[in-house]
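Content type PDB, C-alpha atoms, from the file run-v1.pdb:
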ATOM      1  CA  MET S  22      29.759  38.148 -10.798
ATOM      2  CA  GLU S  23      28.521  37.850  -7.180
ATOM      3  CA  ASN S  24      29.791  34.256  -7.063
ATOM      4  CA  GLU S  25      33.228  35.477  -8.221
ATOM      5  CA  ILE S  26      33.268  38.093  -5.456
ATOM      6  CA  LEU S  27      32.434  35.464  -2.822
ATOM      7  CA  LEU S  28      35.108  33.161  -4.191
ATOM      8  CA  SER S  29      37.611  36.018  -4.225
ATOM      9  CA  GLU S  30      36.737  36.921  -0.626
ATOM     10  CA  GLU S  31      37.300  33.333   0.436
ATOM     11  CA  LEU S  32      40.494  33.128  -1.600
ATOM     12  CA  ILE S  33      41.842  36.339  -0.069
ATOM     13  CA  SER S  34      40.692  35.466   3.459
ATOM     14  CA  ASN S  35      42.592  32.182   3.243
ATOM     15  CA  LYS S  36      45.770  34.128   2.479
ATOM     16  CA  ILE S  37      45.632  36.260   5.623
ATOM     17  CA  TYR S  38      47.831  34.836   8.387
ATOM     18  CA  PHE S  39      48.358  35.785  12.009
ATOM     19  CA  ILE S  40      52.080  36.271  12.655
ATOM     20  CA  ARG S  41      53.711  38.255  15.477
ATOM     21  CA  GLY S  42      50.276  39.261  16.696
ATOM     22  CA  GLN S  43      49.337  40.861  13.369
ATOM     23  CA  LYS S  44      47.235  39.956  10.360
ATOM     24  CA  VAL S  45      49.612  39.707   7.396
ATOM     25  CA  MET S  46      49.805  38.525   3.796
ATOM     26  CA  LEU S  47      52.788  36.874   2.094
ATOM     27  CA  ASP S  48      54.606  38.628  -0.739
ATOM     28  CA  ARG S  49      54.052  35.648  -3.054
ATOM     29  CA  ASP S  50      50.300  35.532  -2.349
ATOM     30  CA  LEU S  51      49.966  39.255  -3.005
ATOM     31  CA  ALA S  52      51.969  38.927  -6.227
ATOM     32  CA  THR S  53      49.659  36.132  -7.383
ATOM     33  CA  LEU S  54      46.573  38.197  -6.570
ATOM     34  CA  TYR S  55      48.040  41.198  -8.444
ATOM     35  CA  GLY S  56      48.918  39.007 -11.432
ATOM     36  CA  ILE S  57      52.656  39.718 -11.243
ATOM     37  CA  GLU S  58      55.757  37.739 -10.282
ATOM     38  CA  THR S  59      56.923  37.818  -6.677
ATOM     39  CA  LYS S  60      60.288  39.235  -7.729
ATOM     40  CA  VAL S  61      58.540  42.144  -9.501
ATOM     41  CA  LEU S  62      56.614  42.932  -6.316
ATOM     42  CA  ASN S  63      59.756  42.728  -4.191
ATOM     43  CA  GLN S  64      61.708  44.927  -6.642
ATOM     44  CA  ALA S  65      58.986  47.596  -6.473
ATOM     45  CA  VAL S  66      59.154  47.441  -2.668
ATOM     46  CA  LYS S  67      62.980  47.706  -2.691
ATOM     47  CA  ARG S  68      62.809  50.780  -4.944
ATOM     48  CA  ASN S  69      60.417  52.363  -2.408
ATOM     49  CA  ILE S  70      61.717  50.821   0.826
ATOM     50  CA  SER S  71      61.217  54.067   2.796
ATOM     51  CA  ARG S  72      57.448  53.544   2.401
ATOM     52  CA  PHE S  73      57.630  50.191   4.202
ATOM     53  CA  PRO S  74      58.695  50.530   7.834
ATOM     54  CA  GLU S  75      58.820  47.419  10.072
ATOM     55  CA  ASP S  76      55.147  47.776  11.070
ATOM     56  CA  PHE S  77      54.119  47.707   7.364
ATOM     57  CA  MET S  78      56.371  44.881   6.164
ATOM     58  CA  PHE S  79      58.867  42.466   7.668
ATOM     59  CA  GLN S  80      60.754  39.349   6.664
ATOM     60  CA  LEU S  81      59.833  36.067   8.316
ATOM     61  CA  THR S  82      62.369  34.288  10.476
ATOM     62  CA  GLU S  83      63.321  30.709   9.589
ATOM     63  CA  ILE S  84      61.178  29.408  12.496
ATOM     64  CA  GLU S  85      58.144  31.487  11.448
ATOM     65  CA  PHE S  86      58.560  30.278   7.875
ATOM     66  CA  GLN S  87      58.768  26.625   8.977
ATOM     67  CA  ASN S  88      55.675  27.060  11.183
ATOM     68  CA  LEU S  89      53.808  28.604   8.273
ATOM     69  CA  LYS S  90      54.862  25.833   5.884
ATOM     70  CA  SER S  91      53.755  23.186   8.386
ATOM     71  CA  GLN S  92      50.205  24.558   8.234
ATOM     72  CA  PHE S  93      49.892  23.410   4.622
ATOM     73  CA  VAL S  94      49.203  19.795   3.745
ATOM     74  CA  THR S  95      50.755  20.019   0.305
ATOM     75  CA  SER S  96      53.883  22.035  -0.223
ATOM     76  CA  SER S  97      53.682  24.482  -3.088
ATOM     77  CA  TRP S  98      56.586  26.607  -1.896
ATOM     78  CA  GLY S  99      58.996  25.499  -4.553
ATOM     79  CA  GLY S 100      62.637  26.379  -4.091
ATOM     80  CA  ALA S 101      62.426  29.710  -2.334
ATOM     81  CA  ARG S 102      65.929  31.138  -2.041
ATOM     82  CA  LYS S 103      65.131  33.704   0.609
ATOM     83  CA  LEU S 104      62.662  34.011   3.425
ATOM     84  CA  PRO S 105      59.389  35.620   2.334
ATOM     85  CA  SER S 106      58.333  39.103   3.321
ATOM     86  CA  VAL S 107      54.918  39.686   4.810
ATOM     87  CA  PHE S 108      52.813  42.810   4.646
ATOM     88  CA  THR S 109      50.492  44.093   7.350
ATOM     89  CA  GLU S 110      47.224  45.781   6.435
ATOM     90  CA  HIS S 111      49.031  49.137   6.157
ATOM     91  CA  GLY S 112      51.761  47.565   4.053
ATOM     92  CA  VAL S 113      49.202  46.117   1.648
ATOM     93  CA  LEU S 114      47.613  49.545   1.400
ATOM     94  CA  MET S 115      51.020  51.095   0.651
ATOM     95  CA  LEU S 116      51.630  48.491  -2.084
ATOM     96  CA  SER S 117      48.879  50.079  -4.164
ATOM     97  CA  SER S 118      51.060  53.195  -4.454
ATOM     98  CA  VAL S 119      54.117  51.298  -5.726
ATOM     99  CA  ILE S 120      52.464  48.688  -7.971
ATOM    100  CA  ASN S 121      50.956  50.687 -10.797
ATOM    101  CA  SER S 122      48.281  48.538 -12.382
ATOM    102  CA  ASP S 123      44.502  48.644 -12.437
ATOM    103  CA  LYS S 124      44.361  45.044 -11.253
ATOM    104  CA  ALA S 125      46.555  45.872  -8.235
ATOM    105  CA  VAL S 126      44.329  48.809  -7.308
ATOM    106  CA  GLN S 127      41.139  46.752  -7.609
ATOM    107  CA  THR S 128      42.704  43.847  -5.726
ATOM    108  CA  ASN S 129      43.860  46.187  -2.959
ATOM    109  CA  ILE S 130      40.365  47.618  -2.582
ATOM    110  CA  GLN S 131      39.019  44.113  -2.148
ATOM    111  CA  ILE S 132      41.813  43.136   0.275
ATOM    112  CA  MET S 133      41.127  46.248   2.392
ATOM    113  CA  ARG S 134      37.426  45.332   2.554
ATOM    114  CA  ILE S 135      38.307  41.823   3.681
ATOM    115  CA  PHE S 136      40.765  43.097   6.312
ATOM    116  CA  SER S 137      37.898  45.256   7.612
ATOM    117  CA  LYS S 138      35.573  42.253   7.692
ATOM    118  CA  VAL S 139      38.169  40.188   9.547
ATOM    119  CA  ARG S 140      38.632  43.012  12.052
ATOM    120  CA  GLN S 141      34.849  43.263  12.512
ATOM    121  CA  MET S 142      34.589  39.493  12.980
ATOM    122  CA  LEU S 143      37.272  39.669  15.683
ATOM    123  CA  LEU S 144      35.385  42.511  17.393
ATOM    124  CA  ASP S 145      32.113  40.569  17.136
ATOM    125  CA  THR S 146      33.822  37.513  18.603
ATOM    126  CA  THR S 147      35.170  39.606  21.472
ATOM    127  CA  ASP S 148      31.703  41.043  22.129
ATOM    128  CA  LEU S 149      30.272  37.528  22.047
ATOM    129  CA  LYS S 150      32.867  36.324  24.578
ATOM    130  CA  ILE S 151      31.996  39.220  26.885
ATOM    131  CA  ASP S 152      28.279  38.391  26.585
ATOM    132  CA  ILE S 153      28.973  34.725  27.374
ATOM    133  CA  LEU S 154      31.012  35.681  30.455
ATOM    134  CA  GLN S 155      28.191  37.936  31.667
ATOM    135  CA  ILE S 156      25.667  35.114  31.185
ATOM    136  CA  GLN S 157      27.962  32.718  33.070
ATOM    137  CA  LYS S 158      28.183  35.146  35.978
ATOM    138  CA  LYS S 159      24.401  35.503  36.032
ATOM    139  CA  LEU S 160      24.005  31.729  35.975
ATOM    140  CA  GLU S 161      26.469  31.376  38.847
ATOM    141  CA  ASN S 162      24.387  33.878  40.806
ATOM    142  CA  HIS S 163      21.210  31.988  39.870
ATOM    143  CA  ASP S 164      22.765  28.760  41.143
ATOM    144  CA  LYS S 165      23.603  30.446  44.439
ATOM    145  CA  ASN S 166      20.102  31.900  44.698
ATOM    146  CA  ILE S 167      18.494  28.530  43.949
ATOM    147  CA  GLU S 168      20.669  26.883  46.601
ATOM    148  CA  LEU S 169      19.590  29.578  49.048
ATOM    149  CA  VAL S 170      15.904  29.008  48.240
ATOM    150  CA  PHE S 171      16.302  25.254  48.763
ATOM    151  CA  SER S 172      18.086  25.794  52.088
ATOM    152  CA  TYR S 173      15.218  28.070  53.232
ATOM    153  CA  LEU S 174      12.707  25.430  52.131
ATOM    154  CA  ASP S 175      14.649  22.767  54.069
ATOM    155  CA  GLU S 176      14.638  24.984  57.177
ATOM    156  CA  LEU S 177      10.889  25.571  56.848
ATOM    157  CA  SER S 178      10.149  21.867  56.410
ATOM    158  CA  GLU S 179      12.328  21.041  59.457
ATOM    159  CA  LYS S 180      10.434  23.642  61.516
ATOM    160  CA  LYS S 181       7.137  22.181  60.330
ATOM    161  CA  GLU S 182       8.220  18.652  61.407
ATOM    162  CA  LYS S 183       9.316  19.888  64.858
ATOM    163  CA  GLU S 184       6.137  21.872  65.453
ATOM    164  CA  GLN S 185       4.042  20.770  68.443
ATOM    165  CA  PRO S 186       0.348  20.314  67.807
ATOM    166  CA  ARG S 187      -1.485  23.425  68.956
ATOM    167  CA  THR S 188      -4.468  23.475  71.149
ATOM    168  CA  LYS S 189      -7.347  24.977  69.380
ATOM    169  CA  ILE S 190      -8.979  27.977  70.863
ATOM    170  CA  GLY S 191     -12.373  29.382  70.187
ATOM    171  CA  TYR S 192     -16.008  28.276  70.656
ATOM    172  CA  LYS S 193     -16.618  24.639  71.262
ATOM    173  CA  LYS S 194     -19.877  23.037  70.308
TER     174      LYS S 194
END
Whole structure, structure tokens version:
Amino acid sequence: MENEILLSEELISNKIYFIRGQKVMLDRDLATLYGIETKVLNQAVKRNISRFPEDFMFQLTEIEFQNLKSQFVTSSWGGARKLPSVFTEHGVLMLSSVINSDKAVQTNIQIMRIFSKVRQMLLDTTDLKIDILQIQKKLENHDKNIELVFSYLDELSEKKEKEQPRTKIGYKK
């Protein structure tokens, strides 16, 4: 069971794309995950179109579709007659209210968990980048400080070389 969950997470994660600055999933991928045909999913969306504003779902442009297809080594797109629709995280969540099946509900729960993980990974990555930048700044300061120490040492050694021998004072024997 745990192995299936890991496989499902990987399977779902591989179906999340970054388009127009948003994480989205294709209508055909969602239909496959729900165990229904793409046209059934799209019909359910059309019947409830008011639930899917532009920030929940949008249709890909021809250029976006070509770019997406070029990311795949083997083409399994078949003869799509129209450009696919993609659903943002909120759109996927809304799908659970229009696709009435237990599998769709369970799949949506899992998809939402994975969207959350992806979001957390992005936040962790951002935090890591900030930490790296702070370390780089510290290292730059360390380099400057080390250079300063070496220049002081050079000055001291130059002074030592230029020093005149001193006459000793005190008791002579």
What are the nearest atom pairs, with distances in Å to one decimal, for all residues of stretch 86-154 of chain S that come at most 12 Å from stretch 159-166 of chain S, using only C-alpha atoms, set out by chain and rising residue number as a tab-separated table?
residue	atom	partner	partner_atom	distance
S:Asp152	CA	S:Lys159	CA	10.6
S:Ile153	CA	S:Lys159	CA	9.8
S:Leu154	CA	S:Lys159	CA	8.7
Atomic distance atom CA of S:Asn129 - atom CA of S:Leu114, expressed in Å with one decimal: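 Value for the atom CA of S:Asn129-atom CA of S:Leu114 distance: 6.7 Å.
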task: Using only C-alpha atoms, collect all residues at a distance of at most 12 Å from (61.2, 45.8, 12.3) as written in the file, then present them as a list in words.
output: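 Selection result: Arg41, Phe73, Pro74, Glu75, Asp76, Phe77, Met78, Phe79, Gln80, Leu81, Thr82, Ser106, Val107, Phe108 and Thr109 of chain S.
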query: Got a sec: who's within 9 Å of S:Leu54, counting all atoms listed in the file, leaving out chain neighbours fewer than 6 positions off, as a ChimeraX atom specification?
result: /S:33,124-125,128
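Taking all atoms listed in the file, the non-local environment of S:Asn35 within 12 Å (same-chain residues fewer than 2 positions away omitted) comprises Leu28, Ser29, Glu30, Glu31, Leu32, Ile33, Ile37, Tyr38, Phe39, Lys44, Val45, Met46, Leu47, Asp50, Leu51, Gln92, Phe93, Ile132, Ile135, Phe136 and Val139 of chain S.
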field: Among the residues S:Ala65, S:Glu83, S:Ile151, S:Pro105, the one that comes closest to S:Arg49 [using all atoms listed in the file]
entry: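 Among the listed residues, S:Pro105 lies closest to S:Arg49.
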- prompt: What is the atom CA of S:Gln43-atom CA of S:Leu89 distance in Å, reported with one decimal?
  reply: 14.0 Å
- request: Would you work out the distance separating atom CA of S:Asn69 from atom CA of S:Ala52, expressed in Å to one decimal?
  value: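 These atoms are spaced 16.3 Å apart.
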Selected residue of minimal separation from S:Ser137 among S:Ser118, S:His111, S:Arg68, S:Lys150, counting all atoms listed in the file: S:His111
task: Counting all atoms listed in the file, figure out which residue out of S:Arg140, S:Lys67, S:Tyr55, S:Asp48 gets nearest to S:Asn121.
output: S:Tyr55
So that all listed atoms of stretch 175-182 of chain S fit with 8 Å spare on each side, what axis-aligned box centre and edge lengths in Å, to one decimal, would you give as AutoDock Vina command-line options?
--center_x 10.9 --center_y 22.1 --center_z 57.8 --size_x 23.5 --size_y 22.9 --size_z 23.4
How would stretch 177-190 of chain S read, as a short mmCIF file (atom, residue, chain, number, x, y, z; two decimals), keeping the file's coordinate frame, once N, CA, C and O atoms are built in?
data_model
loop_
_atom_site.label_atom_id
_atom_site.label_comp_id
_atom_site.auth_asym_id
_atom_site.auth_seq_id
_atom_site.Cartn_x
_atom_site.Cartn_y
_atom_site.Cartn_z
N LEU S 177 12.33 25.49 56.59
CA LEU S 177 10.89 25.57 56.85
C LEU S 177 10.29 24.19 57.06
O LEU S 177 9.45 23.99 57.95
N SER S 178 10.71 23.21 56.25
CA SER S 178 10.15 21.87 56.41
C SER S 178 10.62 21.24 57.73
O SER S 178 9.85 20.53 58.39
N GLU S 179 11.85 21.53 58.16
CA GLU S 179 12.33 21.04 59.46
C GLU S 179 11.52 21.66 60.59
O GLU S 179 11.14 20.99 61.54
N LYS S 180 11.24 22.96 60.50
CA LYS S 180 10.43 23.64 61.52
C LYS S 180 9.04 23.03 61.57
O LYS S 180 8.48 22.84 62.64
N LYS S 181 8.49 22.73 60.41
CA LYS S 181 7.14 22.18 60.33
C LYS S 181 7.10 20.80 61.01
O LYS S 181 6.14 20.48 61.70
N GLU S 182 8.16 19.98 60.80
CA GLU S 182 8.22 18.65 61.41
C GLU S 182 8.36 18.75 62.93
O GLU S 182 7.82 17.93 63.67
N LYS S 183 9.06 19.74 63.43
CA LYS S 183 9.32 19.89 64.86
C LYS S 183 8.15 20.57 65.58
O LYS S 183 8.13 20.60 66.80
N GLU S 184 7.24 21.13 64.85
CA GLU S 184 6.14 21.87 65.45
C GLU S 184 5.29 20.96 66.35
O GLU S 184 4.97 19.83 65.98
N GLN S 185 4.95 21.47 67.52
CA GLN S 185 4.04 20.77 68.44
C GLN S 185 2.61 21.04 68.01
O GLN S 185 2.30 22.13 67.56
N PRO S 186 1.73 20.04 68.16
CA PRO S 186 0.35 20.31 67.81
C PRO S 186 -0.23 21.41 68.72
O PRO S 186 0.02 21.44 69.92
N ARG S 187 -0.95 22.29 68.20
CA ARG S 187 -1.48 23.42 68.96
C ARG S 187 -2.87 23.09 69.50
O ARG S 187 -3.63 22.35 68.86
N THR S 188 -3.12 23.63 70.61
CA THR S 188 -4.47 23.48 71.15
C THR S 188 -5.33 24.54 70.50
O THR S 188 -4.92 25.72 70.41
N LYS S 189 -6.48 24.06 70.09
CA LYS S 189 -7.35 24.98 69.38
C LYS S 189 -8.08 25.85 70.38
O LYS S 189 -8.49 25.38 71.44
N ILE S 190 -8.22 27.08 70.01
CA ILE S 190 -8.98 27.98 70.86
C ILE S 190 -10.20 28.44 70.12
O ILE S 190 -10.24 28.38 68.89
#
